[in-house]
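Novice: Got target.cif for you, mmCIF, N, CA and C atoms:
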```cif
data_data
#
loop_
_atom_site.label_atom_id
_atom_site.label_comp_id
_atom_site.auth_asym_id
_atom_site.auth_seq_id
_atom_site.Cartn_x
_atom_site.Cartn_y
_atom_site.Cartn_z
N MET W 1 12.96 12.42 17.55
CA MET W 1 12.43 11.46 16.58
C MET W 1 12.89 10.03 16.91
N GLU W 2 13.96 9.93 17.64
CA GLU W 2 14.53 8.62 17.97
C GLU W 2 13.50 7.72 18.66
N ARG W 3 12.72 8.31 19.56
CA ARG W 3 11.68 7.55 20.28
C ARG W 3 10.66 6.97 19.29
N TYR W 4 10.30 7.75 18.29
CA TYR W 4 9.32 7.30 17.31
C TYR W 4 9.90 6.24 16.38
N TYR W 5 11.18 6.36 16.04
CA TYR W 5 11.83 5.32 15.23
C TYR W 5 11.77 3.98 15.95
N LYS W 6 11.99 3.99 17.25
CA LYS W 6 11.94 2.75 18.04
C LYS W 6 10.54 2.15 18.02
N ILE W 7 9.53 2.99 18.06
CA ILE W 7 8.15 2.51 18.01
C ILE W 7 7.90 1.80 16.69
N ILE W 8 8.34 2.39 15.58
CA ILE W 8 8.15 1.76 14.27
C ILE W 8 8.88 0.42 14.22
N GLU W 9 10.09 0.38 14.72
CA GLU W 9 10.86 -0.86 14.66
C GLU W 9 10.25 -1.94 15.56
N GLU W 10 9.66 -1.55 16.67
CA GLU W 10 8.93 -2.52 17.51
C GLU W 10 7.71 -3.04 16.76
N ALA W 11 7.00 -2.16 16.07
CA ALA W 11 5.82 -2.57 15.30
C ALA W 11 6.23 -3.55 14.20
N LEU W 12 7.34 -3.30 13.55
CA LEU W 12 7.82 -4.22 12.52
C LEU W 12 8.10 -5.60 13.12
N GLN W 13 8.69 -5.62 14.30
CA GLN W 13 8.96 -6.89 14.97
C GLN W 13 7.66 -7.62 15.30
N VAL W 14 6.65 -6.88 15.73
CA VAL W 14 5.35 -7.48 16.06
C VAL W 14 4.78 -8.23 14.85
N ILE W 15 4.96 -7.68 13.65
CA ILE W 15 4.41 -8.34 12.46
C ILE W 15 5.40 -9.32 11.83
N GLY W 16 6.51 -9.56 12.51
CA GLY W 16 7.46 -10.58 12.06
C GLY W 16 8.51 -10.11 11.08
N VAL W 17 8.77 -8.82 11.05
CA VAL W 17 9.77 -8.26 10.13
C VAL W 17 10.98 -7.82 10.94
N ASP W 18 12.17 -8.19 10.49
CA ASP W 18 13.40 -7.74 11.13
C ASP W 18 13.64 -6.29 10.73
N PRO W 19 13.60 -5.35 11.67
CA PRO W 19 13.77 -3.93 11.34
C PRO W 19 15.08 -3.63 10.62
N GLN W 20 16.14 -4.36 10.94
CA GLN W 20 17.42 -4.12 10.28
C GLN W 20 17.34 -4.42 8.79
N HIS W 21 16.57 -5.45 8.43
CA HIS W 21 16.42 -5.79 7.01
C HIS W 21 15.46 -4.85 6.30
N ALA W 22 14.59 -4.22 7.05
CA ALA W 22 13.59 -3.33 6.45
C ALA W 22 14.08 -1.89 6.31
N ARG W 23 15.12 -1.52 7.07
CA ARG W 23 15.61 -0.14 7.04
C ARG W 23 16.13 0.25 5.66
N ASN W 24 15.80 1.46 5.26
CA ASN W 24 16.34 2.03 4.02
C ASN W 24 17.54 2.91 4.36
N ALA W 25 18.20 3.42 3.34
CA ALA W 25 19.39 4.24 3.54
C ALA W 25 19.08 5.52 4.32
N GLU W 26 17.93 6.12 4.05
CA GLU W 26 17.56 7.36 4.74
C GLU W 26 16.94 7.05 6.09
N GLU W 27 17.33 7.80 7.10
CA GLU W 27 16.78 7.62 8.43
C GLU W 27 15.27 7.86 8.41
N GLY W 28 14.53 7.02 9.11
CA GLY W 28 13.08 7.17 9.18
C GLY W 28 12.34 6.54 8.02
N GLN W 29 13.02 5.67 7.27
CA GLN W 29 12.37 5.00 6.13
C GLN W 29 12.63 3.50 6.20
N TRP W 30 11.55 2.74 6.01
CA TRP W 30 11.62 1.29 5.99
C TRP W 30 10.78 0.80 4.81
N SER W 31 11.12 -0.39 4.30
CA SER W 31 10.34 -1.03 3.24
C SER W 31 10.12 -2.48 3.61
N ILE W 32 8.89 -2.94 3.41
CA ILE W 32 8.59 -4.35 3.62
C ILE W 32 7.81 -4.83 2.40
N PHE W 33 7.70 -6.14 2.26
CA PHE W 33 6.95 -6.71 1.15
C PHE W 33 5.80 -7.55 1.67
N ARG W 34 4.67 -7.39 1.03
CA ARG W 34 3.51 -8.26 1.26
C ARG W 34 3.29 -8.93 -0.08
N ASP W 35 3.70 -10.18 -0.19
CA ASP W 35 3.80 -10.87 -1.47
C ASP W 35 4.69 -10.03 -2.39
N GLU W 36 4.17 -9.60 -3.52
CA GLU W 36 4.97 -8.82 -4.47
C GLU W 36 4.83 -7.31 -4.26
N ILE W 37 4.01 -6.91 -3.30
CA ILE W 37 3.71 -5.49 -3.10
C ILE W 37 4.68 -4.89 -2.09
N GLU W 38 5.34 -3.79 -2.50
CA GLU W 38 6.24 -3.11 -1.59
C GLU W 38 5.46 -2.07 -0.78
N VAL W 39 5.67 -2.10 0.52
CA VAL W 39 5.01 -1.19 1.45
C VAL W 39 6.09 -0.31 2.06
N PHE W 40 5.91 1.00 1.92
CA PHE W 40 6.89 1.96 2.43
C PHE W 40 6.38 2.55 3.74
N VAL W 41 7.23 2.55 4.74
CA VAL W 41 6.91 3.13 6.04
C VAL W 41 7.86 4.31 6.24
N ASP W 42 7.30 5.49 6.38
CA ASP W 42 8.10 6.71 6.51
C ASP W 42 7.68 7.47 7.75
N LEU W 43 8.68 7.97 8.47
CA LEU W 43 8.42 8.78 9.65
C LEU W 43 9.31 10.00 9.55
N TRP W 44 8.71 11.19 9.61
CA TRP W 44 9.49 12.41 9.49
C TRP W 44 8.92 13.49 10.40
N SER W 45 9.70 14.52 10.57
CA SER W 45 9.27 15.68 11.34
C SER W 45 8.64 16.68 10.39
N SER W 46 7.50 17.22 10.77
CA SER W 46 6.77 18.12 9.88
C SER W 46 7.49 19.45 9.65
N GLY W 47 8.44 19.78 10.50
CA GLY W 47 9.09 21.08 10.38
C GLY W 47 8.11 22.18 10.70
N LYS W 48 8.18 23.26 9.95
CA LYS W 48 7.30 24.40 10.22
C LYS W 48 6.19 24.53 9.18
N GLU W 49 6.03 23.51 8.34
CA GLU W 49 5.00 23.58 7.31
C GLU W 49 3.63 23.75 7.96
N SER W 50 2.78 24.51 7.30
CA SER W 50 1.45 24.70 7.89
C SER W 50 0.34 24.76 6.84
N GLN W 51 0.69 24.90 5.61
CA GLN W 51 -0.32 25.14 4.58
C GLN W 51 -1.40 24.06 4.54
N TRP W 52 -1.03 22.79 4.65
CA TRP W 52 -2.00 21.72 4.46
C TRP W 52 -2.37 21.02 5.76
N ASN W 53 -1.88 21.50 6.87
CA ASN W 53 -2.03 20.75 8.10
C ASN W 53 -2.95 21.42 9.10
N TYR W 54 -3.83 20.64 9.68
CA TYR W 54 -4.74 21.17 10.68
C TYR W 54 -4.05 21.43 12.02
N TYR W 55 -2.87 20.88 12.23
CA TYR W 55 -2.15 21.06 13.49
C TYR W 55 -1.12 22.16 13.37
N PHE W 56 -1.46 23.21 12.65
CA PHE W 56 -0.51 24.27 12.29
C PHE W 56 0.12 24.97 13.48
N LYS W 57 -0.43 24.83 14.66
CA LYS W 57 0.16 25.51 15.82
C LYS W 57 1.38 24.76 16.35
N GLU W 58 1.53 23.53 15.94
CA GLU W 58 2.66 22.72 16.37
C GLU W 58 3.78 22.83 15.34
N GLU W 59 5.00 22.73 15.81
CA GLU W 59 6.15 22.66 14.90
C GLU W 59 6.90 21.38 15.18
N ASP W 60 7.54 20.86 14.15
CA ASP W 60 8.34 19.64 14.27
C ASP W 60 7.53 18.48 14.85
N VAL W 61 6.35 18.27 14.30
CA VAL W 61 5.47 17.19 14.72
C VAL W 61 5.85 15.94 13.94
N PRO W 62 5.95 14.78 14.60
CA PRO W 62 6.23 13.55 13.86
C PRO W 62 5.04 13.16 13.00
N VAL W 63 5.32 12.74 11.78
CA VAL W 63 4.29 12.30 10.84
C VAL W 63 4.63 10.88 10.41
N LEU W 64 3.66 9.98 10.54
CA LEU W 64 3.82 8.61 10.09
C LEU W 64 3.03 8.42 8.82
N GLN W 65 3.69 7.88 7.80
CA GLN W 65 3.00 7.53 6.56
C GLN W 65 3.38 6.10 6.19
N VAL W 66 2.36 5.32 5.86
CA VAL W 66 2.54 3.98 5.32
C VAL W 66 1.84 3.98 3.98
N ILE W 67 2.55 3.62 2.92
CA ILE W 67 1.96 3.69 1.58
C ILE W 67 2.42 2.50 0.74
N ALA W 68 1.47 1.97 -0.03
CA ALA W 68 1.76 0.83 -0.90
C ALA W 68 1.19 1.11 -2.29
N PRO W 69 2.03 1.45 -3.25
CA PRO W 69 1.57 1.58 -4.64
C PRO W 69 1.09 0.22 -5.13
N ILE W 70 -0.10 0.17 -5.77
CA ILE W 70 -0.61 -1.14 -6.16
C ILE W 70 -0.91 -1.31 -7.64
N THR W 71 -1.43 -0.27 -8.31
CA THR W 71 -1.74 -0.43 -9.74
C THR W 71 -1.53 0.88 -10.49
N THR W 72 -1.52 0.74 -11.79
CA THR W 72 -1.61 1.92 -12.65
C THR W 72 -3.06 2.38 -12.67
N LEU W 73 -3.31 3.52 -13.26
CA LEU W 73 -4.69 3.99 -13.44
C LEU W 73 -5.21 3.42 -14.75
N PRO W 74 -6.51 3.18 -14.85
CA PRO W 74 -7.05 2.61 -16.08
C PRO W 74 -7.06 3.62 -17.23
N VAL W 75 -6.97 3.09 -18.42
CA VAL W 75 -7.06 3.92 -19.62
C VAL W 75 -8.53 4.21 -19.92
N PHE W 76 -9.39 3.22 -19.70
CA PHE W 76 -10.82 3.35 -19.95
C PHE W 76 -11.57 3.27 -18.63
N ASP W 77 -12.79 3.75 -18.63
CA ASP W 77 -13.67 3.66 -17.45
C ASP W 77 -13.09 4.33 -16.21
N LEU W 78 -12.41 5.45 -16.41
CA LEU W 78 -11.78 6.14 -15.28
C LEU W 78 -12.81 6.63 -14.27
N ASP W 79 -13.95 7.13 -14.74
CA ASP W 79 -14.99 7.59 -13.82
C ASP W 79 -15.52 6.44 -12.96
N GLU W 80 -15.75 5.31 -13.59
CA GLU W 80 -16.22 4.13 -12.85
C GLU W 80 -15.16 3.68 -11.83
N PHE W 81 -13.90 3.75 -12.23
CA PHE W 81 -12.79 3.39 -11.35
C PHE W 81 -12.78 4.29 -10.12
N TYR W 82 -12.85 5.60 -10.34
CA TYR W 82 -12.86 6.55 -9.22
C TYR W 82 -14.08 6.34 -8.31
N GLU W 83 -15.22 6.09 -8.93
CA GLU W 83 -16.43 5.84 -8.15
C GLU W 83 -16.26 4.60 -7.27
N GLU W 84 -15.67 3.57 -7.83
CA GLU W 84 -15.42 2.34 -7.07
C GLU W 84 -14.49 2.62 -5.88
N LEU W 85 -13.43 3.39 -6.12
CA LEU W 85 -12.49 3.71 -5.04
C LEU W 85 -13.16 4.50 -3.93
N LEU W 86 -14.00 5.46 -4.31
CA LEU W 86 -14.72 6.24 -3.29
C LEU W 86 -15.65 5.36 -2.47
N GLU W 87 -16.31 4.45 -3.14
CA GLU W 87 -17.21 3.54 -2.43
C GLU W 87 -16.42 2.64 -1.46
N ILE W 88 -15.31 2.10 -1.91
CA ILE W 88 -14.48 1.25 -1.05
C ILE W 88 -13.91 2.06 0.11
N ASN W 89 -13.46 3.28 -0.16
CA ASN W 89 -12.86 4.11 0.89
C ASN W 89 -13.78 4.27 2.11
N ARG W 90 -15.09 4.27 1.87
CA ARG W 90 -16.03 4.42 2.98
C ARG W 90 -15.90 3.31 4.01
N HIS W 91 -15.38 2.16 3.58
CA HIS W 91 -15.37 0.98 4.44
C HIS W 91 -14.01 0.65 5.03
N LEU W 92 -12.98 1.34 4.61
CA LEU W 92 -11.62 0.99 5.05
C LEU W 92 -11.32 1.56 6.43
N PHE W 93 -10.51 0.82 7.17
CA PHE W 93 -10.00 1.27 8.46
C PHE W 93 -8.51 1.53 8.34
N TYR W 94 -8.05 2.63 8.88
CA TYR W 94 -6.62 2.97 8.93
C TYR W 94 -6.00 3.17 7.55
N ALA W 95 -6.77 3.27 6.51
CA ALA W 95 -6.17 3.41 5.18
C ALA W 95 -7.18 4.02 4.22
N THR W 96 -6.66 4.57 3.13
CA THR W 96 -7.50 5.08 2.05
C THR W 96 -6.78 4.83 0.73
N PHE W 97 -7.56 4.80 -0.33
CA PHE W 97 -6.96 4.80 -1.66
C PHE W 97 -6.58 6.22 -2.01
N VAL W 98 -5.42 6.38 -2.63
CA VAL W 98 -4.99 7.69 -3.12
C VAL W 98 -4.50 7.52 -4.55
N VAL W 99 -4.70 8.56 -5.34
CA VAL W 99 -4.31 8.56 -6.75
C VAL W 99 -3.19 9.57 -6.96
N ASN W 100 -2.16 9.14 -7.66
CA ASN W 100 -1.10 10.05 -8.08
C ASN W 100 -1.18 10.10 -9.61
N LYS W 101 -1.85 11.14 -10.12
CA LYS W 101 -2.04 11.24 -11.57
C LYS W 101 -0.73 11.44 -12.31
N GLU W 102 0.20 12.20 -11.70
CA GLU W 102 1.50 12.43 -12.34
C GLU W 102 2.23 11.13 -12.63
N GLN W 103 2.17 10.20 -11.69
CA GLN W 103 2.86 8.93 -11.86
C GLN W 103 1.92 7.82 -12.34
N ASN W 104 0.67 8.19 -12.65
CA ASN W 104 -0.31 7.24 -13.17
C ASN W 104 -0.44 6.04 -12.23
N MET W 105 -0.66 6.31 -10.95
CA MET W 105 -0.57 5.26 -9.96
C MET W 105 -1.65 5.36 -8.89
N LEU W 106 -2.13 4.19 -8.48
CA LEU W 106 -3.04 4.07 -7.34
C LEU W 106 -2.26 3.46 -6.19
N ALA W 107 -2.48 3.98 -4.99
CA ALA W 107 -1.82 3.44 -3.80
C ALA W 107 -2.81 3.36 -2.65
N VAL W 108 -2.46 2.54 -1.68
CA VAL W 108 -3.18 2.49 -0.41
C VAL W 108 -2.30 3.23 0.59
N LYS W 109 -2.90 4.15 1.36
CA LYS W 109 -2.09 5.02 2.22
C LYS W 109 -2.72 5.23 3.59
N TYR W 110 -1.84 5.35 4.56
CA TYR W 110 -2.19 5.79 5.91
C TYR W 110 -1.25 6.94 6.24
N ARG W 111 -1.77 8.01 6.80
CA ARG W 111 -0.91 9.11 7.27
C ARG W 111 -1.55 9.70 8.52
N SER W 112 -0.69 9.96 9.51
CA SER W 112 -1.20 10.51 10.76
C SER W 112 -0.13 11.32 11.46
N VAL W 113 -0.59 12.29 12.22
CA VAL W 113 0.29 13.03 13.12
C VAL W 113 0.64 12.06 14.24
N GLY W 114 1.92 11.95 14.55
CA GLY W 114 2.36 10.91 15.46
C GLY W 114 2.61 11.32 16.89
N LEU W 115 2.03 12.39 17.36
CA LEU W 115 2.29 12.84 18.73
C LEU W 115 1.97 11.77 19.77
N GLU W 116 0.92 11.02 19.55
CA GLU W 116 0.50 9.97 20.49
C GLU W 116 0.80 8.58 19.94
N LEU W 117 1.71 8.48 19.00
CA LEU W 117 2.01 7.21 18.34
C LEU W 117 2.51 6.18 19.34
N ASP W 118 1.92 4.98 19.24
CA ASP W 118 2.41 3.86 20.04
C ASP W 118 2.57 2.64 19.13
N VAL W 119 3.07 1.56 19.69
CA VAL W 119 3.34 0.36 18.89
C VAL W 119 2.07 -0.19 18.28
N ASP W 120 0.97 -0.19 19.02
CA ASP W 120 -0.29 -0.73 18.49
C ASP W 120 -0.77 0.05 17.27
N GLU W 121 -0.73 1.37 17.35
CA GLU W 121 -1.18 2.18 16.21
C GLU W 121 -0.28 1.97 15.00
N ALA W 122 1.02 1.96 15.22
CA ALA W 122 1.96 1.74 14.11
C ALA W 122 1.75 0.37 13.49
N THR W 123 1.52 -0.64 14.32
CA THR W 123 1.27 -1.99 13.82
C THR W 123 -0.01 -2.01 12.99
N GLN W 124 -1.08 -1.40 13.51
CA GLN W 124 -2.35 -1.35 12.77
C GLN W 124 -2.19 -0.63 11.43
N ALA W 125 -1.45 0.45 11.42
CA ALA W 125 -1.24 1.21 10.18
C ALA W 125 -0.53 0.34 9.14
N ILE W 126 0.54 -0.31 9.54
CA ILE W 126 1.31 -1.14 8.61
C ILE W 126 0.48 -2.33 8.14
N GLU W 127 -0.19 -3.00 9.08
CA GLU W 127 -0.99 -4.17 8.74
C GLU W 127 -2.18 -3.83 7.85
N SER W 128 -2.86 -2.73 8.13
CA SER W 128 -4.04 -2.39 7.33
C SER W 128 -3.66 -2.02 5.90
N VAL W 129 -2.64 -1.19 5.74
CA VAL W 129 -2.21 -0.82 4.39
C VAL W 129 -1.76 -2.07 3.63
N SER W 130 -0.99 -2.92 4.28
CA SER W 130 -0.51 -4.15 3.64
C SER W 130 -1.67 -5.05 3.24
N TYR W 131 -2.61 -5.24 4.15
CA TYR W 131 -3.75 -6.11 3.88
C TYR W 131 -4.59 -5.59 2.72
N TYR W 132 -4.98 -4.32 2.77
CA TYR W 132 -5.82 -3.77 1.71
C TYR W 132 -5.11 -3.76 0.37
N ALA W 133 -3.82 -3.49 0.36
CA ALA W 133 -3.06 -3.52 -0.89
C ALA W 133 -3.09 -4.92 -1.49
N GLU W 134 -2.83 -5.91 -0.66
CA GLU W 134 -2.82 -7.30 -1.12
C GLU W 134 -4.21 -7.75 -1.55
N TYR W 135 -5.23 -7.35 -0.81
CA TYR W 135 -6.59 -7.77 -1.10
C TYR W 135 -7.14 -7.13 -2.38
N PHE W 136 -6.96 -5.81 -2.52
CA PHE W 136 -7.61 -5.11 -3.63
C PHE W 136 -6.81 -5.12 -4.93
N GLN W 137 -5.50 -5.28 -4.88
CA GLN W 137 -4.73 -5.24 -6.13
C GLN W 137 -5.26 -6.23 -7.17
N PRO W 138 -5.40 -7.53 -6.87
CA PRO W 138 -5.87 -8.45 -7.91
C PRO W 138 -7.30 -8.17 -8.36
N ARG W 139 -8.13 -7.70 -7.47
CA ARG W 139 -9.52 -7.42 -7.83
C ARG W 139 -9.62 -6.23 -8.78
N LEU W 140 -8.84 -5.19 -8.51
CA LEU W 140 -8.85 -4.02 -9.39
C LEU W 140 -8.19 -4.33 -10.73
N ILE W 141 -7.15 -5.14 -10.71
CA ILE W 141 -6.50 -5.56 -11.96
C ILE W 141 -7.50 -6.31 -12.83
N GLN W 142 -8.23 -7.23 -12.23
CA GLN W 142 -9.19 -8.02 -12.99
C GLN W 142 -10.34 -7.16 -13.51
N LYS W 143 -10.89 -6.31 -12.67
CA LYS W 143 -12.08 -5.54 -13.06
C LYS W 143 -11.77 -4.42 -14.05
N PHE W 144 -10.63 -3.74 -13.87
CA PHE W 144 -10.35 -2.55 -14.68
C PHE W 144 -9.18 -2.72 -15.64
N ARG W 145 -8.60 -3.92 -15.68
CA ARG W 145 -7.49 -4.22 -16.59
C ARG W 145 -6.31 -3.26 -16.42
N VAL W 146 -6.03 -2.94 -15.18
CA VAL W 146 -4.88 -2.10 -14.85
C VAL W 146 -3.67 -3.00 -14.62
N GLN W 147 -2.51 -2.39 -14.54
CA GLN W 147 -1.26 -3.15 -14.35
C GLN W 147 -0.79 -3.02 -12.90
N PRO W 148 -0.19 -4.07 -12.38
CA PRO W 148 0.40 -3.94 -11.04
C PRO W 148 1.59 -3.01 -11.08
N VAL W 149 1.87 -2.38 -9.96
CA VAL W 149 3.03 -1.48 -9.87
C VAL W 149 4.13 -2.22 -9.14
#
```
Output the file's structure as structure tokens, nothing else.
Specialist:
Amino acid sequence: MERYYKIIEEALQVIGVDPQHARNAEEGQWSIFRDEIEVFVDLWSSGKESQWNYYFKEEDVPVLQVIAPITTLPVFDLDEFYEELLEINRHLFYATFVVNKEQNMLAVKYRSVGLELDVDEATQAIESVSYYAEYFQPRLIQKFRVQPV
């Protein structure tokens, strides 16, 4: 995993973030801010899990996830909100909207198996999630009267 950690830290440097300042207490976790939005970068080994993964023949595969929680879910017009997210998702690169109903939260997320991970892909993942989070948060707040996270 050490090789992959170095790739993430190089990607952080490419976007102008000091990896030492972004590192969290747990190995393989970094946090950066895009304005007021916190973006979490996580890299872990998949272990032997197979239930949800298409790469079930591999074990201990590196997984990269970049996620930025951006708003709460709306109290009203939830169907319209979901429809809007699905429509937007069709156009996004390197990211998707995801809903966590338990935590009443909308986030922008990228997740990929990292076997071929390089600095360019890691940079694109971090930049795209950060950009879409920053771009869509105020628009969704205004349209659906949701709260920032």
Novice: Write out as a PyMOL selection string each polymer residue whose atoms come within 7 Å of segment 143-145 of chain W, counting all atoms listed in the file; drop sequence neighbours fewer than 6 positions from it.
Specialist: chain W and resi 73-75
Novice: Hey, what comes out of the PyMOL selection byres ((chain W and resi 130) around 8) on this file? Could you write it as a PDB file with N, CA and C atoms, in the coordinates of the input?
Specialist:
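Just written: selection24.pdb:
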```
ATOM      1  N   PHE W  33       7.700  -6.140   2.260  1.00  0.00           N
ATOM      2  CA  PHE W  33       6.950  -6.710   1.150  1.00  0.00           C
ATOM      3  C   PHE W  33       5.800  -7.550   1.670  1.00  0.00           C
ATOM      4  N   ARG W  34       4.670  -7.390   1.030  1.00  0.00           N
ATOM      5  CA  ARG W  34       3.510  -8.260   1.260  1.00  0.00           C
ATOM      6  C   ARG W  34       3.290  -8.930  -0.080  1.00  0.00           C
ATOM      7  N   ILE W  37       4.010  -6.910  -3.300  1.00  0.00           N
ATOM      8  CA  ILE W  37       3.710  -5.490  -3.100  1.00  0.00           C
ATOM      9  C   ILE W  37       4.680  -4.890  -2.090  1.00  0.00           C
ATOM     10  N   GLU W  38       5.340  -3.790  -2.500  1.00  0.00           N
ATOM     11  CA  GLU W  38       6.240  -3.110  -1.590  1.00  0.00           C
ATOM     12  C   GLU W  38       5.460  -2.070  -0.780  1.00  0.00           C
ATOM     13  N   VAL W  39       5.670  -2.100   0.520  1.00  0.00           N
ATOM     14  CA  VAL W  39       5.010  -1.190   1.450  1.00  0.00           C
ATOM     15  C   VAL W  39       6.090  -0.310   2.060  1.00  0.00           C
ATOM     16  N   VAL W  66       2.360   5.320   5.860  1.00  0.00           N
ATOM     17  CA  VAL W  66       2.540   3.980   5.320  1.00  0.00           C
ATOM     18  C   VAL W  66       1.840   3.980   3.980  1.00  0.00           C
ATOM     19  N   ILE W  67       2.550   3.620   2.920  1.00  0.00           N
ATOM     20  CA  ILE W  67       1.960   3.690   1.580  1.00  0.00           C
ATOM     21  C   ILE W  67       2.420   2.500   0.740  1.00  0.00           C
ATOM     22  N   ALA W  68       1.470   1.970  -0.030  1.00  0.00           N
ATOM     23  CA  ALA W  68       1.760   0.830  -0.900  1.00  0.00           C
ATOM     24  C   ALA W  68       1.190   1.110  -2.290  1.00  0.00           C
ATOM     25  N   VAL W 108      -2.460   2.540  -1.680  1.00  0.00           N
ATOM     26  CA  VAL W 108      -3.180   2.490  -0.410  1.00  0.00           C
ATOM     27  C   VAL W 108      -2.300   3.230   0.590  1.00  0.00           C
ATOM     28  N   LYS W 109      -2.900   4.150   1.360  1.00  0.00           N
ATOM     29  CA  LYS W 109      -2.090   5.020   2.220  1.00  0.00           C
ATOM     30  C   LYS W 109      -2.720   5.230   3.590  1.00  0.00           C
ATOM     31  N   GLN W 124      -1.080  -1.400  13.510  1.00  0.00           N
ATOM     32  CA  GLN W 124      -2.350  -1.350  12.770  1.00  0.00           C
ATOM     33  C   GLN W 124      -2.190  -0.630  11.430  1.00  0.00           C
ATOM     34  N   ALA W 125      -1.450   0.450  11.420  1.00  0.00           N
ATOM     35  CA  ALA W 125      -1.240   1.210  10.180  1.00  0.00           C
ATOM     36  C   ALA W 125      -0.530   0.340   9.140  1.00  0.00           C
ATOM     37  N   ILE W 126       0.540  -0.310   9.540  1.00  0.00           N
ATOM     38  CA  ILE W 126       1.310  -1.140   8.610  1.00  0.00           C
ATOM     39  C   ILE W 126       0.480  -2.330   8.140  1.00  0.00           C
ATOM     40  N   GLU W 127      -0.190  -3.000   9.080  1.00  0.00           N
ATOM     41  CA  GLU W 127      -0.990  -4.170   8.740  1.00  0.00           C
ATOM     42  C   GLU W 127      -2.180  -3.830   7.850  1.00  0.00           C
ATOM     43  N   SER W 128      -2.860  -2.730   8.130  1.00  0.00           N
ATOM     44  CA  SER W 128      -4.040  -2.390   7.330  1.00  0.00           C
ATOM     45  C   SER W 128      -3.660  -2.020   5.900  1.00  0.00           C
ATOM     46  N   VAL W 129      -2.640  -1.190   5.740  1.00  0.00           N
ATOM     47  CA  VAL W 129      -2.210  -0.820   4.390  1.00  0.00           C
ATOM     48  C   VAL W 129      -1.760  -2.070   3.630  1.00  0.00           C
ATOM     49  N   TYR W 131      -2.610  -5.240   4.150  1.00  0.00           N
ATOM     50  CA  TYR W 131      -3.750  -6.110   3.880  1.00  0.00           C
ATOM     51  C   TYR W 131      -4.590  -5.590   2.720  1.00  0.00           C
ATOM     52  N   TYR W 132      -4.980  -4.320   2.770  1.00  0.00           N
ATOM     53  CA  TYR W 132      -5.820  -3.770   1.710  1.00  0.00           C
ATOM     54  C   TYR W 132      -5.110  -3.760   0.370  1.00  0.00           C
ATOM     55  N   ALA W 133      -3.820  -3.490   0.360  1.00  0.00           N
ATOM     56  CA  ALA W 133      -3.060  -3.520  -0.890  1.00  0.00           C
ATOM     57  C   ALA W 133      -3.090  -4.920  -1.490  1.00  0.00           C
ATOM     58  N   GLU W 134      -2.830  -5.910  -0.660  1.00  0.00           N
ATOM     59  CA  GLU W 134      -2.820  -7.300  -1.120  1.00  0.00           C
ATOM     60  C   GLU W 134      -4.210  -7.750  -1.550  1.00  0.00           C
ATOM     61  N   TYR W 135      -5.230  -7.350  -0.810  1.00  0.00           N
ATOM     62  CA  TYR W 135      -6.590  -7.770  -1.100  1.00  0.00           C
ATOM     63  C   TYR W 135      -7.140  -7.130  -2.380  1.00  0.00           C
ATOM     64  N   PHE W 136      -6.960  -5.810  -2.520  1.00  0.00           N
ATOM     65  CA  PHE W 136      -7.610  -5.110  -3.630  1.00  0.00           C
ATOM     66  C   PHE W 136      -6.810  -5.120  -4.930  1.00  0.00           C
TER      67      PHE W 136
END
```
Novice: So which residues get picked by the PyMOL selection byres ((chain W and resi 107) around 7) here, written as a ChimeraX atom specification?
Specialist: /W:67-71,96-100,105-106,108-109
Novice: Where in chain W does DSSP assign strand (DSSP E or B), given as number ranges by chain?
Specialist: W: 23, 29-34, 37-45, 62-72, 96-100, 105-113, 148
Novice: Using the chain letters and numbers from the file, which residues does the PyMOL selection byres (((chain W and resi 44 and name CA) around 7) and name CA) grab, as number ranges by chain?
Specialist: W: 28, 42-43, 45-46, 62-64
Novice: In Å, how far is it from atom CA of Val61 of chain W to atom CA of Val113 of chain W?
Specialist: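 It comes out at 6.8 Å.
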Novice: Among chain W, which ones does DSSP place in alpha helix (DSSP H), written as JSON, numbers by chain?
Specialist: {"W": [2, 3, 4, 5, 6, 7, 8, 9, 10, 11, 12, 13, 14, 19, 20, 21, 22, 78, 79, 80, 81, 82, 83, 84, 85, 86, 87, 88, 89, 119, 120, 121, 122, 123, 124, 125, 126, 127, 128, 129, 130, 131, 132, 133, 134, 135, 136, 137, 138, 139, 140, 141, 142, 143, 144]}
